[in-house]
Structure formats: structure tokens, C-alpha cells
Amino acid sequence: MDKNKKQKKHKYIFVVGGVMSGVGKGIASSSIGKILQNKGFKVNPIKVDPYLNVDAGTMNPTEHGETFVLDSGLETDQDMGNYERFMNVNLGPDDYITSGMVYKYVIEKERNLGYRGKCVEAIPHITEEITRRWKRSAESHDSDISLIEIGGTIGDYQNILFIEAARVLKIKNPQDVIFVMVSYLPVPGVLGEMKTRPTQNAVRQLNSYGVQPDIIIARGSHPLDYKRKEKIAIACSVAVDNVISAPDISSVYDVSINFEKDKIGDMILKAFHMRAKVKGDALADWKKFVDVSKNTKKTLRIAVVGKYFDTGDFVLSDAYISVIEAIKFSSYWKGVKPELTWINSKEYEADPKKVKDLSGYDGIIVPGGFGESGIEGVLMAIRYARENKIPYFGLCYGMQLMVVEYARNVLGWSDAHTAEINPKSSHVVIDIMPEQKKNLEEGKYGATMRLGSYEAKLLKGTHAHKAYGAETINERHRHRYEVNPEYVEEIKAKGLVFSGTSPDGRLMEIAELPKDVHPFFLGTQFHPELKARPLYPHPLFTAFIEAVLKGKK
Ligand code: GLN
């Protein structure tokens, strides 16, 4: 009884996209979530991805953007990273839903006679399973409001069942469900005028599914004038005040501040007949961060050396969004602006002398990655950073290659390598774990890496220990290979410190050089960038930026 009563009161906000993809539904959703949180509500964000992949792990980051790994190990879409960053929440496996996940579950249930002989159909069985997952996510967070972003654009074939599930939820709970449409208003070059028609058509299409938007967020290169606000309002049956102007702005962290100018928070609460639990400026903490980010004048030049950068016309910033944001957060709080230069490591392979250009940078980062391309160039860059005492931060592959470089050039094992590239090397210093070997032999690639949050213990007196100010930490992983335990003692004897290890000491989690040898030469087997948040920058990124700043002086 109590549970029913509670569920009745639970609110759902669905965010859908109109006209075209890439208009910033994820940022809009995250910003709305942040605003409602600061008005005193517990909000759980959910991302729905309509593709048939069961998770995002098997997708190429150069096509789909970064794979964002949750504590649980679930490999998800980069929007989940936006939610975690904006809303400072740790999301769980119930908070990400793909069509593949839903279909797989329903088909397996059918195979096990879970539908007791019934004919199993898209409607109602898929839609009911979708709704069950939404409710389960809300329960797992014990939240007041669920914020559900439906991937894709209105008019796509793939997301129809999700919109249908949302429609049914609204029919059953008319007071508790609202729809926000994030749409796009183009300004054709020849006309120089903002056009509302595509948005009107998108709303009609949504109407044809039986859904009426309550709020329209009008994205565009320019702010929306009153005349067009009115036009959209009348054509789309939405109150004028509920049409929000969302012009392009330089920082995604400004979006929530911009939305609040139009009082989107109160608008949503009014639609739910609710009142803010917390009075005052809903974004005070956030504005402080945004101010800090804007008032920094001094710049740091950071080179990000890697191999992904030559893959057609994908957007780099999407493939490495968490790394970029993590660098920004720590830099801003230190009062500096990072200037990132993406360097294709193949340049160094073609012309080894070019590696000297790295002397023009204040710090060097090698991010995560897979495969062989450009790796010798990366190793040259790492060597340059080590020998020239330029602060270096290696993330996952960047840590493994740091160990390879050290083994080759300090221990003198000239063909040392990772098994990922040369398993026949006489010193495979980065090797595959037995359980991973089995997966690969059986052709199993989905969700088979070491994934998600694992504990590590830190060695006192090291950079890592000082940065975290703790003896144990938890960080998220996504990799198949590990530092080979066979060589650990020999490598340590030559000066590389393993400052973080798994609690049983078997797996190397952090490698670094002591302070008296190098100002900052550190790599992590995990991905610290996944836990960096605007208001809570990651300690290791901050330690790196501090070292970079010191070197600059
Ligand atoms: N390719 C390496 C591995 O699988 C590193 C992975 C990564 O950087 N995410 O272990």
C-alpha cells in the first residue's frame, strides 16, 4: 500500500529530441537535473539508447564517442558521464537502458517460459519491460524525480517503443509525467533568419504518437526572439513561457545558468504541482565553479599524445570527453586554463626528430587506447617526457606504455612490449590475464575486460598517496592487460615505484617515479578521469596540474 502511494507521487521527466541529433539533449538533461537537485529534490537520471547493442562496450569511440564505465562495470554512453559530472551522482546498472538489453532480457525470458505460453510482442511486452526498468532505477535511488533522456530524434523508427512506454506511463499517471522536447531552429545562411517550421513538424510528429510536449527547449545559433517564441507556442500548443531559448554558448556549464534565466526549474515544479524544498539561488555552488572557469587567464599548454586522432571526421572531444573535462576541472580550480594540443604519435614515427617539439609543452598526457597503431611514437613521447623532466600523466594504456618504455630504455630490455602488440617479445612486461586469454580465444569481446570499480592500496610517501590523502582508493577500470607480475621486482629495483596495487598486491594499479628523480611521471592502470567532477576535481589530475604549474615557473 505504502509503496503504491509512493510510486504515485514519483515524477518522471522525459527528454526527447526534435529535428536532428547532436543538439545537446544530454547537456540539457544534465542541466535540468542539476537545477532540480539544487531545489532540494533527489533526481535520478536515466539514459535510453535505442540501438541493439547490449551495452556501449563494443562500439568504436571514434564513431560513438567515449565509452563511459560505471562503478558496476557497465559500459555506457558518454551522456552518463555528463549526468555524473553535472549532478555529482554515481549511477548504477539500472540507469542505462538499450534496446538490445531489453530485447535480450525479454527473449531470454520467453525461452524460459517466463511468459507462460503467451504470444510475446513488442507491445506490451517490450514496453512493459522498459517501464519496469525505469521504475527499478527510481527505486534503486529512492528518488523523487526520474529524468529520462530518450536517445535519437523524433521520427526515428528505433525509439518509438520507448516513447510509447512513456506515453502509457503518462496516461496512467497524468499528474506525474511531463515531456521536454529539445529541438533545433536552423538559421539558413541565405535567409539569415531563424526558422521554426522544422520544430513545428517535429512536435506534430510527436503528437502523432499521442504525446504532447510540456516544455520546448529551442536550440539554435542565436537566442529565440519573442515573435518566434509565440509562433512556436501557438503552433505547438505550449505556453509561451514554456518555450525556452537555448542559444549556443561557449561552455556547457553555462547551460543550467541560462535555463534558470527562463526559470525552467519552477516551470517543471509547477507542472508537477510541487514547490521547491530549498529556497534561494539554486545554482550558487555551480556559479562559483563557472566563475572560476571564466576568470582564469593564465594558460597551460598540454600535449595529448595518442593514436586515435586520424580516424576520419569524428570529433576528438567526444572520444576523450572525460579526460578533457578532468583536465579542465583541476586546472580551473588552480586558476589556469588548459590549452590542449592533440598530437598524432605517428608524426614521431615518420620523423623522430619531431619529438623535440614536445619541449614546447608544460605537460604531456597519454590517454587510454587499444591496438598497435602509432605506439612506437607514443613510446618516444614518453621517453622524452621522462628524460626531459616534463610532467607526464598516463591513463591506462598510457601507464602500460610507460612501463614498456621504462623496461626498454632503463632496464635495457630493448624489445620489451605489451602482449597486445608483441606477445613474442623476450620481455612481455604487460601481459594478458589468464581469464582474459580464455575470453579472446573464445571470440568473446562484449563486457569481458576488467571492468568497473576496484579497490587499490597506496604506498605511503608517494605522489599518489599524497594526492589522495588516503591509504585505499576505489577507481574504475577498463582493460585486458596488466603489468606482468614476473617482472615487477626487477623493474622496481631499477627505480620505478608501484605506488598503488590491488589489495592482494598482485596487480599494479599506479606506477610513478620518485620526486627526487622526476617532478611528475605517473601512470594509472585505471581511468581516474571517469570520477572527476566539476565541483570535485580528481586528486591525481590536480596533482599533475600542480606539477605542470610548478615546472612552468
Ligand atoms: N589496451 C589496453 C588494455 O586492454 C589499455 C586499455 C585502455 O587504455 N582502456 O589493457
# chains A, B, ... in the order shown; residues from 1 in each chain; ligands from 1
>>> residues_near_ligand(ligand="ligand 1", cutoff="7 Å", atoms="only C-alpha atoms and all ligand atoms", output="number ranges by chain")
A: 367-371, 395-398, 420, 478-482
>>> residues_around(residues="Ile32 of chain A", least_positions_apart="3", cutoff="8 Å", atoms="only C-alpha atoms", output="ChimeraX atom specification")
/A:28-29,35-36,256,259,264-265
>>> write_last_selection(atoms="N, CA, C and O atoms", output="short mmCIF file (atom, residue, chain, number, x, y, z; two decimals), in the first residue's frame")
data_model
loop_
_atom_site.label_atom_id
_atom_site.label_comp_id
_atom_site.auth_asym_id
_atom_site.auth_seq_id
_atom_site.Cartn_x
_atom_site.Cartn_y
_atom_site.Cartn_z
N ALA A 28 21.33 19.28 -21.86
CA ALA A 28 20.07 19.87 -21.38
C ALA A 28 19.53 19.04 -20.21
O ALA A 28 19.15 19.60 -19.17
N SER A 29 19.54 17.72 -20.36
CA SER A 29 19.03 16.86 -19.28
C SER A 29 19.87 17.03 -18.02
O SER A 29 19.33 17.18 -16.92
N ILE A 35 19.60 21.59 -11.69
CA ILE A 35 18.71 22.63 -11.15
C ILE A 35 17.73 22.03 -10.14
O ILE A 35 17.54 22.55 -9.04
N LEU A 36 17.12 20.91 -10.51
CA LEU A 36 16.12 20.31 -9.62
C LEU A 36 16.76 19.77 -8.34
O LEU A 36 16.20 19.88 -7.25
N SER A 256 22.94 25.45 -17.57
CA SER A 256 21.95 25.45 -16.48
C SER A 256 21.67 26.89 -16.03
O SER A 256 20.52 27.23 -15.73
N PHE A 259 19.34 28.31 -18.54
CA PHE A 259 17.99 27.77 -18.38
C PHE A 259 17.28 28.44 -17.22
O PHE A 259 16.08 28.71 -17.27
N ILE A 264 13.34 27.53 -15.65
CA ILE A 264 12.88 26.18 -16.04
C ILE A 264 12.58 25.31 -14.82
O ILE A 264 11.66 24.49 -14.84
N GLY A 265 13.34 25.51 -13.75
CA GLY A 265 13.12 24.71 -12.54
C GLY A 265 11.72 24.91 -11.99
O GLY A 265 10.97 23.94 -11.77
#
>>> closest_atom_pairs(of="segment 194-313 of chain A", to="segment 331-347 of chain A", cutoff="10 Å", atoms="only C-alpha atoms", output="tab-separated table")
residue	atom	partner	partner_atom	distance
A:Phe289	CA	A:Trp333	CA	7.9
A:Val290	CA	A:Tyr332	CA	9.1
A:Asp291	CA	A:Tyr332	CA	9.4
A:Val292	CA	A:Tyr332	CA	6.0
A:Ser293	CA	A:Tyr332	CA	5.1
A:Lys294	CA	A:Tyr332	CA	8.3
A:Asn295	CA	A:Gly335	CA	7.7
A:Thr296	CA	A:Val336	CA	5.1
A:Lys297	CA	A:Val336	CA	6.4
A:Lys298	CA	A:Val336	CA	5.1
A:Thr299	CA	A:Lys337	CA	4.6
A:Leu300	CA	A:Pro338	CA	4.8
A:Arg301	CA	A:Glu339	CA	4.9
A:Ile302	CA	A:Leu340	CA	5.0
A:Ala303	CA	A:Thr341	CA	4.9
A:Val304	CA	A:Trp342	CA	5.0
A:Val305	CA	A:Ile343	CA	4.8
A:Gly306	CA	A:Ser345	CA	5.5
A:Lys307	CA	A:Asn344	CA	5.8
A:Tyr308	CA	A:Asn344	CA	7.6
A:Phe309	CA	A:Asn344	CA	5.9
A:Asp310	CA	A:Asn344	CA	7.3
>>> residues_around(residues="Ile382 of chain A", least_positions_apart="3", cutoff="10 Å", atoms="only C-alpha atoms", output="PyMOL selection string")
chain A and resi 305+355+364-366+376-379+385-388+390+392-394+398-399+401-406+521
>>> atom_distance(atom1="atom CA of Leu440 of chain A", atom2="atom CA of Met59 of chain A")
16.9 Å
>>> select_by_dssp(residues="segment 69-168 of chain A", states="alpha helix (DSSP H)", output="JSON, numbers by chain")
{"A": [78, 79, 80, 81, 82, 83, 84, 85, 86, 87, 99, 100, 101, 102, 103, 104, 105, 106, 107, 108, 109, 110, 111, 127, 128, 129, 130, 131, 132, 133, 134, 135, 136, 137, 138, 139, 140, 141, 160, 161, 162, 163, 164, 165, 166, 167, 168]}
>>> atom_distance(atom1="atom CA of Glu512 of chain A", atom2="atom CA of Gly500 of chain A")
9.3 Å
>>> residues_around(residues="Gly152 of chain A", least_positions_apart="3", cutoff="10 Å", atoms="only C-alpha atoms", output="list in words")
Val16, Gly17, Gly18, Met20, Ser21, Gly22, Lys25, Val48, Asp49, Pro50, Tyr51, Glu149, Gly155, Asp156, Tyr157, Gln158, Asn159 and Ile160 of chain A
>>> write_last_selection(atoms="C-alpha atoms", output="tab-separated table (two decimals), in the first residue's frame")
chain	number	residue	atom	x	y	z
A	16	VAL	CA	13.20	13.87	-26.34
A	17	GLY	CA	14.97	15.42	-29.31
A	18	GLY	CA	13.43	17.12	-32.32
A	20	MET	CA	18.15	16.48	-35.65
A	21	SER	CA	20.66	14.71	-33.48
A	22	GLY	CA	23.53	16.38	-31.70
A	25	LYS	CA	19.86	16.68	-25.17
A	48	VAL	CA	17.86	5.28	-23.05
A	49	ASP	CA	19.89	4.32	-26.12
A	50	PRO	CA	17.74	2.83	-28.85
A	51	TYR	CA	20.46	0.78	-30.56
A	149	GLU	CA	16.59	11.03	-21.83
A	155	GLY	CA	10.72	10.38	-36.24
A	156	ASP	CA	13.36	7.68	-35.78
A	157	TYR	CA	11.97	4.21	-36.07
A	158	GLN	CA	14.22	2.89	-33.28
A	159	ASN	CA	12.99	4.92	-30.34
A	160	ILE	CA	9.24	4.57	-30.91
>>> residues_around(residues="Trp134 of chain A", least_positions_apart="2", cutoff="9 Å", atoms="only C-alpha atoms", output="MDAnalysis selection string")
chainID A and resid 46 94:95 97 129:132 136:139 146 148
>>> residues_around(residues="Asn207 of chain A", least_positions_apart="3", cutoff="12 Å", atoms="only C-alpha atoms", output="CSV table (one decimal) with C-alpha atoms, in the first residue's frame")
chain,number,residue,atom,x,y,z
A,154,ILE,CA,11.6,12.2,-33.0
A,155,GLY,CA,10.7,10.4,-36.2
A,163,ILE,CA,8.2,6.9,-26.4
A,164,GLU,CA,5.2,4.5,-26.4
A,167,ARG,CA,3.1,7.7,-23.3
A,179,PHE,CA,7.7,15.8,-21.7
A,181,MET,CA,11.5,18.5,-26.3
A,200,GLN,CA,6.6,22.6,-35.5
A,201,ASN,CA,6.8,19.5,-37.7
A,202,ALA,CA,8.8,17.6,-35.0
A,203,VAL,CA,6.1,18.4,-32.5
A,204,ARG,CA,3.4,17.3,-34.9
A,210,GLY,CA,-0.1,10.6,-28.8
A,211,VAL,CA,2.4,12.7,-26.9
A,212,GLN,CA,2.3,16.5,-26.3
A,213,PRO,CA,5.4,18.3,-25.1
A,214,ASP,CA,5.0,20.4,-22.0
A,235,ALA,CA,1.7,26.2,-33.4
A,236,CYS,CA,2.7,23.6,-30.9
A,237,SER,CA,0.1,24.2,-28.1
>>> residues_around(residues="Pro514 of chain A", least_positions_apart="3", cutoff="10 Å", atoms="only C-alpha atoms", output="list of chain:residue names")
A:Gly461, A:Thr462, A:His463, A:Gly495, A:Leu496, A:Val497, A:Ser499, A:Ala511, A:Val517, A:His518, A:Pro519, A:Phe520, A:Phe521, A:Leu522
>>> select_by_dssp(residues="segment 412-486 of chain A", states="strand (DSSP E)", output="list in words")
His417, Thr418, Val428, Val429, Ile430, Asp431, Ile432, Arg450, Leu451, Gly452, Ser453, Tyr454, Glu455, Ala456, Lys457, Leu458, Thr472, Ile473, Asn474, Glu475, Arg476, His477, Arg478, His479, Tyr481, Glu482 and Val483 of chain A
>>> atom_distance(atom1="atom CA of Glu108 of chain A", atom2="atom CA of Tyr445 of chain A")
20.2 Å
>>> closest_residue(among="A:Ala56, A:Leu535, A:Ile268, A:Val102", to="Lys39 of chain A", atoms="only C-alpha atoms")
A:Ile268
>>> closest_residue(among="A:Val483, A:Ser251, A:Val243, A:Gln78", to="Lys328 of chain A", atoms="only C-alpha atoms")
A:Ser251
>>> closest_residue(among="A:Ser221, A:Ser99, A:Thr153, A:Thr196", to="Val182 of chain A", atoms="only C-alpha atoms")
A:Thr153
